[in-house]
Amino acid sequence: MPTYVLGLQEVDRTQAKLVGGKGANLGELSRIEGLRVPAGFCVTTAAFQRIMGEAPSIGELLDRLSLLAADDRDGIRELSGELRRIIEATTIPEDLQAALTRALSRLGADDAYAVRSSATAEDLPGASFAGQQDTYLNVRGTQAILKHVRRCWASLFSERAVTYRIQHAFDHRKVHMAVVVQKMVFPQAAGILFTADPVTSNRKVASIEAGFGLGEALVAGLAQADRYKVRDGQIIEKAIATKALATCALAEGGTEEQAIEPGRQNEQVLTDAQVLQLERLGRQIEGHFGHPQDIEWCLADDAFHIVQSRPITTVYPIPEANDRGNHVYISVGHQQMMTDAMKPLGLSFFQLIAGGPMLAAGGRLFVDTTQQLASPASRDAFLNLLERSDPLIKDALVAIIERGDFIQQLADEPSASHPGPGKQAMARFDAQVEDDPAIVAELIERSQTALAELKRDIRTKTGTDLFEFILEDIPRFKKLMFGPQNMGVIMAGMNAAWWINEKMMTWLGEKNVADTLSQSVANNITSEMGLALLDVADVIRPYPAVVAHLQQVKHDGFLDELVELDGGTEARDAIRAYLDKYGMRCAGEIDITRARWSEKPTTLVPLILSNIKNFEPHAGARKFAQGRQEALQHAQALLERLRQLPDGEQKASEAQRMIDRLRNFSGYREYPKYSIINRHFVYKQALLQEAERLVQADVIADAEDIDYLTFAELRELVRTHQLDDQVISRRKAEHELHKKLTPPRVITSDGEIMAAAYKRADLPTGAIVGLPVSSGVVEGRARVLLDMAEADLEAGDILVTTFTDPSWTPLFVSIKGLVTEVGGMMTHGAVIAREYGLPAVVSVEHATKLIRDGQRIRVHGTDGYVEILT
């Protein structure tokens, strides 16, 4: 027989399916020794399901509700209203009513109660659903309580709850409602306690809001609250509000808002001792649940009562350290231009190929920079490098250093003890490279030879031998790609750009000269990729039937269909040739689990069609030639001006050498990434063959399930064919949670997310500031895109997005400016913007929110800011 009523003492956190998130948490709270939780019981989801099942019209209404979109407000209003009316009018069956009555009698039928909804999809680690269902306070009498239980059931279908579920892809039929009935507390004060600072996410700072009377006025935003912050047993911040209103209980039942007498409006709600006591209770609760908590509390008769605790779903996880010391972590994704959450296989694989240790948190990777910041020998060089790559990261780190109490400064040590990417190290690499452009051709040929050898050798590897082969191959490849000559070429190009910008500013007063000189350089594999797709469009453009077919393509097997059309064989061969060279690329390509263009060629179709629409034939060659001509003309003009200066011939000679180094070597900056991704794709194809074998052996259900295992776990699975049934489903749920998190640039071991800002006062009113990475000023229509697959660009649009990696390059041929939220001087979007001559500003905080799609904007690529014009 179903269980319809459970006392709170009979409930724990494992029973959310039976008593909802709120009920499960309250039951767990009631088990914590020394904690006051008002007595009560739960009306279980079994009761709700019975009520829903006995009303036949509900099924039809749910079917109709499941077809609605979140923006169909009229449809949601109509159907949700009808569902609520049916549920509120339902007669509670006698046996269920008797169970409720018995539970009330045991607690005191004449007492006042709080009747609170508790859905199975609320107060969860991944979605709090806070405020989506209803609570009723000071309810008196059995019949009134039964009435409000029905109202709580009905509140599962409030408009806001239905809309929230649609937005978060929760099935209406799979969410059920329990109801918590608790003894009413009549408090002198109430409020909320966050065990992690809701602003900074600092886990060591508790934040308390407190007001007079019941807490409903605070939750509803009707009343101001006192605010206190506590760290390490000390109140570090206190703000006493003017409190004009309080929610109070009425003798006959219910509540009302009452004015607070003027003499009490500015009184401190809690004494300092009570603040500290409450913080200690919060830490006890947090310790029990093992996660930062959002706690609702009441103060009655000078004792604290806990009426709810839920996980704070917005705090970002902290990378795990091996000790309890202070640590400072910076985001790898902000350097790699890929801040999306990665799956476990992608994370662990990137950790294998990385140059140093990386820590995973929230589906992203972080580097511990504590040692570099603690040692004066490495700190300045490290911060100077960050100044060029991501000034906001530098600003956040400087704020930590200036506190003086978080990072313990080490004694000055020889720089060799703390190798850092400072100018001296860069100069050492640079000095090893001659001014011979043939070096780049040799490096590319060496890489291509190594790739061919890998493809040959990996064919014979299966099972655990494959994993051993990959683990042995990675160090060999790292030695090849990150050896002195490779790094020397890259640093030669970067140092040449920095030298040119610095000297031309000093000698001629001209900013960012290297941007123009970098256009259409040789051997830039990423910019060539964008131009090559224009060539593919040239092949397809003369064949209307192929173009029409591509406009209807829905699946990735379309290439073989093309041969039936006039020009289809030529189109297929052109696309396949493009995929042979670039098909290992994709958005978020540092994550080995992402689908590559070769695996999902439909990704390229909108880009090809856009090129056919927006460009004339041979646009690729013209663009490259035009960029090269502009760069060489600008170089000659600079040299002429330099020769007019004192010591002009010497200055011109030095500048000519650096211009040659820039144009000979800067294009190679993109090749190592291309080589890495090429190699990853070979590894991935071999791993997927192992995955298919696991599917055939009924070890996993789908080949893509391996994405949710680390590399080491996958190797062990291939060896043993043993897997916990819950691992894959649990990892999938964790990944969905990670996707919703916003990764910080800088986070400390306290969980504090460091805020950062540009320190500039020379900007027009309303300007949105960022990092200038490609010179020029341009106006145009903003196209705000979060997914490359949704691109519908017109020639002359300005792309505004979170980040761009090499896969976005084919879009760059259509735009005339770039704005991103992430990036630095040498990240891929910046390099390609300079190569194509596109004004660009990157590292613009919240650009995709501050700029609306379709607005006309002006991008100041030289000075680093954006203006919204309309």
# chains A, B, ... in the order shown; residues from 1 in each chain; ligands from 1
>>> select_by_dssp(residues="range 744-862 of chain A", states="strand (DSSP E)", output="number ranges by chain")
A: 746-748, 768-769, 771-774, 777-784, 797-801, 815-820, 840-842, 856-860
>>> select_by_dssp(residues="range 158-351 of chain A", states="helix (DSSP H, G or I)", output="ChimeraX atom specification")
/A:159-167,172-174,216-219,262-264,272-289,333-336,344-351
>>> residues_around(residues="Gln408 in chain A", least_positions_apart="4", cutoff="12 Å", atoms="only C-alpha atoms", output="PyMOL selection string")
chain A and resi 325-328+370-376+400-404
>>> write_last_selection(atoms="C-alpha atoms", output="compact mmCIF listing (two decimals), in the first residue's frame")
# COMPACT_ATOMS: atom_id res chain seq x y z
CA GLY A 325 47.13 26.29 2.06
CA ASN A 326 45.98 29.27 0.04
CA HIS A 327 45.98 28.82 -3.72
CA VAL A 328 45.18 31.01 -6.72
CA THR A 370 50.46 30.50 -6.43
CA GLN A 371 54.19 29.83 -6.80
CA GLN A 372 54.64 32.36 -9.62
CA LEU A 373 52.82 35.01 -7.61
CA ALA A 374 54.62 34.24 -4.35
CA SER A 375 58.12 34.65 -5.76
CA PRO A 376 59.28 38.12 -6.81
CA ILE A 400 44.99 39.41 -4.53
CA ILE A 401 48.65 40.37 -4.22
CA GLU A 402 47.80 43.84 -2.93
CA ARG A 403 45.78 42.39 -0.07
CA GLY A 404 49.03 41.16 1.36
>>> closest_atom_pairs(of="range 132-224 of chain A", to="range 253-272 of chain A", cutoff="8 Å", atoms="only C-alpha atoms", output="tab-separated table")
residue	atom	partner	partner_atom	distance
A:Tyr136	CA	A:Gly254	CA	7.8
A:Leu137	CA	A:Gly254	CA	6.0
A:Asn138	CA	A:Gly254	CA	5.0
A:Val139	CA	A:Gly253	CA	5.5
A:Arg140	CA	A:Gly253	CA	5.9
A:Ala189	CA	A:Val269	CA	6.9
A:Ala210	CA	A:Val269	CA	6.3
A:Gly211	CA	A:Val269	CA	6.1
A:Phe212	CA	A:Val269	CA	6.6
A:Ala217	CA	A:Glu257	CA	7.7
>>> write_last_selection(atoms="N, CA and C atoms", output="compact mmCIF listing (two decimals), in the first residue's frame")
# COMPACT_ATOMS: atom_id res chain seq x y z
N TYR A 136 2.11 28.51 2.36
CA TYR A 136 1.03 29.19 3.08
C TYR A 136 1.35 29.14 4.57
N LEU A 137 1.32 30.30 5.23
CA LEU A 137 1.70 30.40 6.63
C LEU A 137 0.48 30.59 7.53
N ASN A 138 0.65 30.14 8.78
CA ASN A 138 -0.35 30.36 9.81
C ASN A 138 -1.72 29.83 9.40
N VAL A 139 -1.73 28.59 8.94
CA VAL A 139 -2.98 27.93 8.54
C VAL A 139 -3.52 27.18 9.75
N ARG A 140 -4.82 27.41 10.08
CA ARG A 140 -5.42 26.82 11.29
C ARG A 140 -6.65 26.00 10.91
N ALA A 189 12.23 37.62 14.57
CA ALA A 189 13.05 37.97 13.41
C ALA A 189 13.21 36.73 12.54
N ALA A 210 18.63 39.75 7.59
CA ALA A 210 17.73 39.62 8.74
C ALA A 210 16.71 40.75 8.75
N GLY A 211 15.44 40.39 9.05
CA GLY A 211 14.40 41.40 9.19
C GLY A 211 13.47 41.03 10.33
N PHE A 212 12.66 41.97 10.76
CA PHE A 212 11.71 41.70 11.84
C PHE A 212 10.53 40.88 11.31
N ALA A 217 8.40 38.78 3.84
CA ALA A 217 8.59 40.12 3.26
C ALA A 217 9.96 40.25 2.62
>>> atom_distance(atom1="CA of Lys849 in chain A", atom2="CA of Ala767 in chain A")
14.3 Å
>>> closest_residue(among="A:Leu662, A:Ala655, A:Leu638, A:Leu763", to="Met491 in chain A", atoms="only C-alpha atoms")
A:Leu662
>>> residues_around(residues="range 532-546 of chain A", least_positions_apart="2", cutoff="9 Å", atoms="only C-alpha atoms", output="short mmCIF file (atom, residue, chain, number, x, y, z; two decimals) with all heavy atoms, in the first residue's frame")
data_model
loop_
_atom_site.label_atom_id
_atom_site.label_comp_id
_atom_site.auth_asym_id
_atom_site.auth_seq_id
_atom_site.Cartn_x
_atom_site.Cartn_y
_atom_site.Cartn_z
N SER A 527 44.11 31.05 -41.22
CA SER A 527 43.53 32.02 -42.15
C SER A 527 43.36 31.39 -43.53
O SER A 527 42.40 31.69 -44.25
CB SER A 527 44.40 33.27 -42.23
OG SER A 527 45.67 32.98 -42.78
N GLU A 528 44.28 30.50 -43.92
CA GLU A 528 44.14 29.79 -45.19
C GLU A 528 42.86 28.97 -45.20
O GLU A 528 42.21 28.83 -46.25
CB GLU A 528 45.35 28.87 -45.40
CG GLU A 528 46.64 29.61 -45.70
CD GLU A 528 47.86 28.70 -45.66
OE1 GLU A 528 47.67 27.47 -45.51
OE2 GLU A 528 48.99 29.21 -45.76
N MET A 529 42.48 28.43 -44.04
CA MET A 529 41.26 27.62 -43.93
C MET A 529 40.03 28.44 -44.29
O MET A 529 39.11 27.95 -44.97
CB MET A 529 41.16 27.08 -42.51
CG MET A 529 39.94 26.25 -42.23
SD MET A 529 40.01 25.52 -40.57
CE MET A 529 39.87 26.99 -39.55
N GLY A 530 39.97 29.69 -43.83
CA GLY A 530 38.83 30.53 -44.14
C GLY A 530 38.76 30.87 -45.61
O GLY A 530 37.69 30.84 -46.24
N ALA A 548 20.57 24.52 -54.35
CA ALA A 548 19.22 24.28 -53.83
C ALA A 548 19.21 23.05 -52.92
O ALA A 548 18.54 23.05 -51.87
CB ALA A 548 18.25 24.09 -54.99
N HIS A 549 19.94 22.03 -53.28
CA HIS A 549 19.98 20.82 -52.45
C HIS A 549 20.64 21.11 -51.11
O HIS A 549 20.16 20.66 -50.06
CB HIS A 549 20.74 19.71 -53.19
CG HIS A 549 20.72 18.40 -52.46
ND1 HIS A 549 19.64 17.55 -52.50
CD2 HIS A 549 21.64 17.80 -51.65
CE1 HIS A 549 19.89 16.48 -51.77
NE2 HIS A 549 21.10 16.60 -51.23
N LEU A 550 21.72 21.86 -51.12
CA LEU A 550 22.42 22.18 -49.88
C LEU A 550 21.53 23.00 -48.94
O LEU A 550 21.64 22.88 -47.71
CB LEU A 550 23.71 22.95 -50.17
CG LEU A 550 24.84 22.16 -50.84
CD1 LEU A 550 26.04 23.06 -51.11
CD2 LEU A 550 25.26 20.98 -49.96
N GLN A 551 20.65 23.80 -49.50
CA GLN A 551 19.75 24.60 -48.66
C GLN A 551 18.75 23.73 -47.91
O GLN A 551 18.16 24.18 -46.92
CB GLN A 551 19.01 25.62 -49.53
CG GLN A 551 19.92 26.74 -50.02
CD GLN A 551 19.26 27.61 -51.08
OE1 GLN A 551 18.31 27.20 -51.75
NE2 GLN A 551 19.78 28.83 -51.26
N LEU A 562 25.01 14.12 -53.52
CA LEU A 562 25.27 15.18 -54.48
C LEU A 562 25.56 14.66 -55.88
O LEU A 562 25.29 15.34 -56.88
CB LEU A 562 26.46 16.04 -54.00
CG LEU A 562 26.24 16.84 -52.70
CD1 LEU A 562 27.51 17.59 -52.34
CD2 LEU A 562 25.07 17.81 -52.85
N LEU A 565 23.29 15.03 -58.92
CA LEU A 565 22.93 16.36 -59.42
C LEU A 565 23.97 16.87 -60.41
O LEU A 565 25.14 16.47 -60.39
CB LEU A 565 22.83 17.35 -58.25
CG LEU A 565 21.88 16.95 -57.12
CD1 LEU A 565 22.06 17.91 -55.94
CD2 LEU A 565 20.44 16.98 -57.60
N ASP A 566 23.55 17.79 -61.27
CA ASP A 566 24.48 18.45 -62.17
C ASP A 566 25.50 19.25 -61.36
O ASP A 566 25.13 20.13 -60.59
CB ASP A 566 23.70 19.41 -63.09
CG ASP A 566 24.62 20.15 -64.05
OD1 ASP A 566 25.65 19.56 -64.46
OD2 ASP A 566 24.32 21.32 -64.37
N GLY A 567 26.76 18.90 -61.50
CA GLY A 567 27.82 19.56 -60.73
C GLY A 567 28.04 18.94 -59.37
O GLY A 567 28.92 19.39 -58.61
N GLY A 568 27.26 17.90 -59.05
CA GLY A 568 27.34 17.31 -57.72
C GLY A 568 28.66 16.63 -57.43
O GLY A 568 29.16 16.68 -56.30
N GLU A 570 31.61 17.43 -58.65
CA GLU A 570 32.60 18.48 -58.39
C GLU A 570 32.42 19.06 -56.99
O GLU A 570 33.40 19.32 -56.28
CB GLU A 570 32.48 19.59 -59.45
CG GLU A 570 32.86 19.18 -60.85
CD GLU A 570 31.73 18.54 -61.63
OE1 GLU A 570 30.72 18.10 -61.02
OE2 GLU A 570 31.84 18.47 -62.87
N ALA A 571 31.15 19.29 -56.60
CA ALA A 571 30.87 19.84 -55.27
C ALA A 571 31.33 18.88 -54.18
O ALA A 571 31.98 19.27 -53.21
CB ALA A 571 29.38 20.15 -55.13
N ALA A 574 35.11 18.80 -53.90
CA ALA A 574 35.65 20.02 -53.32
C ALA A 574 35.48 20.03 -51.80
O ALA A 574 36.40 20.39 -51.05
CB ALA A 574 34.99 21.26 -53.93
N ILE A 575 34.29 19.61 -51.35
CA ILE A 575 34.04 19.58 -49.90
C ILE A 575 34.90 18.51 -49.24
O ILE A 575 35.47 18.72 -48.17
CB ILE A 575 32.54 19.33 -49.62
CG1 ILE A 575 31.71 20.51 -50.14
CG2 ILE A 575 32.30 19.14 -48.12
CD1 ILE A 575 30.20 20.28 -50.08
N TYR A 578 38.39 19.67 -48.86
CA TYR A 578 38.47 20.62 -47.74
C TYR A 578 38.49 19.87 -46.41
O TYR A 578 39.29 20.17 -45.52
CB TYR A 578 37.28 21.58 -47.80
CG TYR A 578 37.33 22.69 -46.77
CD1 TYR A 578 37.99 23.87 -47.03
CD2 TYR A 578 36.70 22.54 -45.54
CE1 TYR A 578 38.04 24.89 -46.10
CE2 TYR A 578 36.75 23.55 -44.59
CZ TYR A 578 37.41 24.73 -44.89
OH TYR A 578 37.46 25.74 -43.94
N LEU A 604 29.35 22.82 -41.98
CA LEU A 604 29.96 23.71 -42.98
C LEU A 604 28.95 24.24 -44.00
O LEU A 604 29.24 25.23 -44.67
CB LEU A 604 31.07 22.98 -43.72
CG LEU A 604 32.31 22.60 -42.89
CD1 LEU A 604 33.28 21.80 -43.75
CD2 LEU A 604 32.99 23.84 -42.33
N LEU A 607 27.93 27.91 -43.92
CA LEU A 607 29.07 28.77 -44.22
C LEU A 607 29.33 28.80 -45.72
O LEU A 607 29.62 29.86 -46.29
CB LEU A 607 30.32 28.28 -43.48
CG LEU A 607 30.16 28.05 -41.98
CD1 LEU A 607 31.49 27.58 -41.37
CD2 LEU A 607 29.69 29.31 -41.28
N ILE A 608 29.22 27.64 -46.35
CA ILE A 608 29.41 27.59 -47.81
C ILE A 608 28.32 28.40 -48.51
O ILE A 608 28.59 29.20 -49.43
CB ILE A 608 29.39 26.12 -48.30
CG1 ILE A 608 30.60 25.37 -47.73
CG2 ILE A 608 29.37 26.06 -49.82
CD1 ILE A 608 30.53 23.86 -47.95
N LEU A 609 27.07 28.23 -48.09
CA LEU A 609 25.96 28.97 -48.70
C LEU A 609 26.13 30.47 -48.49
O LEU A 609 25.82 31.28 -49.38
CB LEU A 609 24.63 28.49 -48.13
CG LEU A 609 24.23 27.05 -48.50
CD1 LEU A 609 23.01 26.62 -47.71
CD2 LEU A 609 23.98 26.94 -50.00
N SER A 610 26.60 30.86 -47.30
CA SER A 610 26.84 32.28 -47.03
C SER A 610 27.91 32.83 -47.97
O SER A 610 27.78 33.95 -48.49
CB SER A 610 27.26 32.47 -45.58
OG SER A 610 27.59 33.80 -45.31
N ASN A 611 28.96 32.05 -48.20
CA ASN A 611 30.01 32.51 -49.12
C ASN A 611 29.50 32.63 -50.55
O ASN A 611 29.88 33.56 -51.28
CB ASN A 611 31.19 31.53 -49.08
CG ASN A 611 32.00 31.64 -47.81
OD1 ASN A 611 31.86 32.60 -47.05
ND2 ASN A 611 32.85 30.66 -47.55
N ILE A 612 28.64 31.70 -50.96
CA ILE A 612 28.06 31.78 -52.30
C ILE A 612 27.22 33.05 -52.44
O ILE A 612 27.27 33.74 -53.47
CB ILE A 612 27.20 30.53 -52.58
CG1 ILE A 612 28.10 29.29 -52.70
CG2 ILE A 612 26.35 30.71 -53.84
CD1 ILE A 612 27.34 27.97 -52.75
N LYS A 613 26.48 33.39 -51.40
CA LYS A 613 25.59 34.56 -51.44
C LYS A 613 26.37 35.88 -51.35
O LYS A 613 26.03 36.84 -52.04
CB LYS A 613 24.59 34.47 -50.28
CG LYS A 613 23.64 35.65 -50.20
CD LYS A 613 22.65 35.49 -49.06
CE LYS A 613 23.32 35.61 -47.71
NZ LYS A 613 22.34 35.64 -46.59
N PHE A 615 29.77 36.62 -51.82
CA PHE A 615 31.02 36.90 -52.51
C PHE A 615 30.95 36.57 -54.00
O PHE A 615 30.19 35.70 -54.42
CB PHE A 615 32.17 36.10 -51.87
CG PHE A 615 32.46 36.52 -50.46
CD1 PHE A 615 31.92 35.81 -49.39
CD2 PHE A 615 33.25 37.62 -50.20
CE1 PHE A 615 32.17 36.20 -48.09
CE2 PHE A 615 33.51 38.02 -48.89
CZ PHE A 615 32.96 37.31 -47.84
N GLU A 616 31.78 37.27 -54.74
CA GLU A 616 31.98 36.99 -56.15
C GLU A 616 33.06 35.92 -56.29
O GLU A 616 33.83 35.67 -55.35
CB GLU A 616 32.40 38.27 -56.90
CG GLU A 616 31.34 39.37 -56.89
CD GLU A 616 30.09 38.96 -57.64
OE1 GLU A 616 30.21 38.27 -58.69
OE2 GLU A 616 28.97 39.29 -57.18
N PRO A 617 33.18 35.29 -57.47
CA PRO A 617 34.23 34.28 -57.66
C PRO A 617 35.63 34.83 -57.39
O PRO A 617 35.90 36.02 -57.58
CB PRO A 617 34.06 33.89 -59.13
CG PRO A 617 32.62 34.17 -59.43
CD PRO A 617 32.28 35.39 -58.64
N HIS A 618 36.50 33.95 -56.91
CA HIS A 618 37.92 34.23 -56.65
C HIS A 618 38.12 35.26 -55.54
O HIS A 618 39.16 35.93 -55.48
CB HIS A 618 38.63 34.71 -57.92
CG HIS A 618 38.36 33.84 -59.12
ND1 HIS A 618 38.69 32.50 -59.16
CD2 HIS A 618 37.74 34.13 -60.31
CE1 HIS A 618 38.30 32.00 -60.33
NE2 HIS A 618 37.73 32.96 -61.04
N ALA A 619 37.14 35.35 -54.65
CA ALA A 619 37.27 36.32 -53.55
C ALA A 619 38.42 35.96 -52.62
O ALA A 619 39.07 36.84 -52.06
CB ALA A 619 35.96 36.38 -52.76
N GLY A 620 38.70 34.66 -52.45
CA GLY A 620 39.77 34.25 -51.55
C GLY A 620 41.11 34.78 -51.98
O GLY A 620 41.87 35.37 -51.19
N ALA A 621 41.44 34.59 -53.26
CA ALA A 621 42.72 35.08 -53.77
C ALA A 621 42.80 36.59 -53.70
O ALA A 621 43.86 37.16 -53.37
CB ALA A 621 42.92 34.59 -55.20
N PRO A 810 36.18 30.52 -40.82
CA PRO A 810 35.43 30.72 -42.06
C PRO A 810 34.41 31.85 -41.99
O PRO A 810 34.04 32.40 -43.04
CB PRO A 810 34.75 29.36 -42.27
CG PRO A 810 35.68 28.38 -41.62
CD PRO A 810 36.19 29.09 -40.41
N VAL A 813 35.68 35.77 -43.00
CA VAL A 813 35.75 36.35 -44.35
C VAL A 813 34.53 37.21 -44.64
O VAL A 813 34.56 38.05 -45.54
CB VAL A 813 35.89 35.24 -45.41
CG1 VAL A 813 37.18 34.46 -45.20
CG2 VAL A 813 34.68 34.31 -45.43
#
>>> residues_around(residues="Gly509 in chain A", least_positions_apart="5", cutoff="12 Å", atoms="only C-alpha atoms", output="list in words")
Ile500, Asn501, Glu502, Lys503, Met504, Leu638, Arg641 and Leu642 of chain A
>>> write_last_selection(atoms="all heavy atoms", output="PDB file, in the first residue's frame")
ATOM      1  N   ILE A 500      58.061  46.065 -32.941  1.00  0.00           N
ATOM      2  CA  ILE A 500      57.547  47.032 -33.923  1.00  0.00           C
ATOM      3  C   ILE A 500      56.562  47.996 -33.259  1.00  0.00           C
ATOM      4  O   ILE A 500      56.638  49.220 -33.439  1.00  0.00           O
ATOM      5  CB  ILE A 500      56.890  46.295 -35.107  1.00  0.00           C
ATOM      6  CG1 ILE A 500      57.967  45.587 -35.949  1.00  0.00           C
ATOM      7  CG2 ILE A 500      56.080  47.262 -35.969  1.00  0.00           C
ATOM      8  CD1 ILE A 500      57.404  44.599 -36.950  1.00  0.00           C
ATOM      9  N   ASN A 501      55.613  47.458 -32.481  1.00  0.00           N
ATOM     10  CA  ASN A 501      54.618  48.327 -31.840  1.00  0.00           C
ATOM     11  C   ASN A 501      55.275  49.313 -30.880  1.00  0.00           C
ATOM     12  O   ASN A 501      54.913  50.497 -30.843  1.00  0.00           O
ATOM     13  CB  ASN A 501      53.593  47.476 -31.091  1.00  0.00           C
ATOM     14  CG  ASN A 501      52.586  46.834 -32.031  1.00  0.00           C
ATOM     15  OD1 ASN A 501      52.410  47.276 -33.163  1.00  0.00           O
ATOM     16  ND2 ASN A 501      51.931  45.786 -31.563  1.00  0.00           N
ATOM     17  N   GLU A 502      56.224  48.829 -30.118  1.00  0.00           N
ATOM     18  CA  GLU A 502      56.884  49.697 -29.131  1.00  0.00           C
ATOM     19  C   GLU A 502      57.723  50.775 -29.801  1.00  0.00           C
ATOM     20  O   GLU A 502      57.631  51.962 -29.465  1.00  0.00           O
ATOM     21  CB  GLU A 502      57.772  48.824 -28.221  1.00  0.00           C
ATOM     22  CG  GLU A 502      58.437  49.584 -27.092  1.00  0.00           C
ATOM     23  CD  GLU A 502      59.271  48.665 -26.211  1.00  0.00           C
ATOM     24  OE1 GLU A 502      58.731  47.638 -25.739  1.00  0.00           O
ATOM     25  OE2 GLU A 502      60.464  48.969 -26.019  1.00  0.00           O
ATOM     26  N   LYS A 503      58.535  50.369 -30.794  1.00  0.00           N
ATOM     27  CA  LYS A 503      59.433  51.331 -31.452  1.00  0.00           C
ATOM     28  C   LYS A 503      58.679  52.319 -32.325  1.00  0.00           C
ATOM     29  O   LYS A 503      59.012  53.512 -32.358  1.00  0.00           O
ATOM     30  CB  LYS A 503      60.467  50.574 -32.289  1.00  0.00           C
ATOM     31  CG  LYS A 503      61.431  49.720 -31.477  1.00  0.00           C
ATOM     32  CD  LYS A 503      62.259  50.560 -30.514  1.00  0.00           C
ATOM     33  CE  LYS A 503      63.286  49.703 -29.789  1.00  0.00           C
ATOM     34  NZ  LYS A 503      64.084  50.477 -28.808  1.00  0.00           N
ATOM     35  N   MET A 504      57.669  51.858 -33.046  1.00  0.00           N
ATOM     36  CA  MET A 504      56.937  52.788 -33.921  1.00  0.00           C
ATOM     37  C   MET A 504      56.139  53.799 -33.099  1.00  0.00           C
ATOM     38  O   MET A 504      55.958  54.940 -33.518  1.00  0.00           O
ATOM     39  CB  MET A 504      56.006  52.024 -34.870  1.00  0.00           C
ATOM     40  CG  MET A 504      56.709  51.123 -35.873  1.00  0.00           C
ATOM     41  SD  MET A 504      58.006  51.917 -36.863  1.00  0.00           S
ATOM     42  CE  MET A 504      59.490  51.278 -36.056  1.00  0.00           C
ATOM     43  N   LEU A 638      56.326  53.338 -43.673  1.00  0.00           N
ATOM     44  CA  LEU A 638      56.983  53.454 -42.366  1.00  0.00           C
ATOM     45  C   LEU A 638      58.481  53.647 -42.523  1.00  0.00           C
ATOM     46  O   LEU A 638      59.103  54.497 -41.864  1.00  0.00           O
ATOM     47  CB  LEU A 638      56.716  52.204 -41.524  1.00  0.00           C
ATOM     48  CG  LEU A 638      55.324  52.034 -40.927  1.00  0.00           C
ATOM     49  CD1 LEU A 638      55.187  50.648 -40.318  1.00  0.00           C
ATOM     50  CD2 LEU A 638      55.070  53.094 -39.853  1.00  0.00           C
ATOM     51  N   ARG A 641      59.363  57.143 -43.574  1.00  0.00           N
ATOM     52  CA  ARG A 641      59.269  58.101 -42.471  1.00  0.00           C
ATOM     53  C   ARG A 641      60.430  57.938 -41.500  1.00  0.00           C
ATOM     54  O   ARG A 641      60.969  58.915 -40.975  1.00  0.00           O
ATOM     55  CB  ARG A 641      57.935  57.913 -41.747  1.00  0.00           C
ATOM     56  CG  ARG A 641      56.728  58.336 -42.570  1.00  0.00           C
ATOM     57  CD  ARG A 641      55.435  57.863 -41.936  1.00  0.00           C
ATOM     58  NE  ARG A 641      55.241  58.440 -40.603  1.00  0.00           N
ATOM     59  CZ  ARG A 641      54.305  58.028 -39.741  1.00  0.00           C
ATOM     60  NH1 ARG A 641      53.520  57.005 -40.069  1.00  0.00           N
ATOM     61  NH2 ARG A 641      54.187  58.608 -38.562  1.00  0.00           N
ATOM     62  N   LEU A 642      60.837  56.699 -41.268  1.00  0.00           N
ATOM     63  CA  LEU A 642      61.949  56.460 -40.343  1.00  0.00           C
ATOM     64  C   LEU A 642      63.243  57.059 -40.868  1.00  0.00           C
ATOM     65  O   LEU A 642      64.069  57.574 -40.103  1.00  0.00           O
ATOM     66  CB  LEU A 642      62.121  54.957 -40.107  1.00  0.00           C
ATOM     67  CG  LEU A 642      61.047  54.266 -39.255  1.00  0.00           C
ATOM     68  CD1 LEU A 642      61.256  52.756 -39.244  1.00  0.00           C
ATOM     69  CD2 LEU A 642      61.066  54.796 -37.822  1.00  0.00           C
TER      70      LEU A 642
END
>>> closest_residue(among="A:Glu237, A:His168, A:Gly864, A:Arg456", to="Arg760 in chain A", atoms="only C-alpha atoms")
A:Gly864
>>> residues_around(residues="Leu639 in chain A", least_positions_apart="6", cutoff="12 Å", atoms="only C-alpha atoms", output="PyMOL selection string")
chain A and resi 500+504+507-508+632-633+645+648-659
>>> closest_residue(among="A:Leu96, A:Leu359, A:Ile407, A:Leu471", to="Asn322 in chain A", atoms="only C-alpha atoms")
A:Leu359
>>> residues_around(residues="range 102-118 of chain A", least_positions_apart="2", cutoff="9 Å", atoms="only C-alpha atoms", output="ChimeraX atom specification")
/A:5-7,16,19-24,39-42,97-100,120-123,133-142,145,148-149,151-153,155-156,176-185,253
>>> closest_residue(among="A:Gly588, A:Gly290, A:Pro475, A:Gly766", to="Pro806 in chain A", atoms="only C-alpha atoms")
A:Gly588
>>> atom_distance(atom1="CA of Phe289 in chain A", atom2="CA of Ala196 in chain A")
13.6 Å
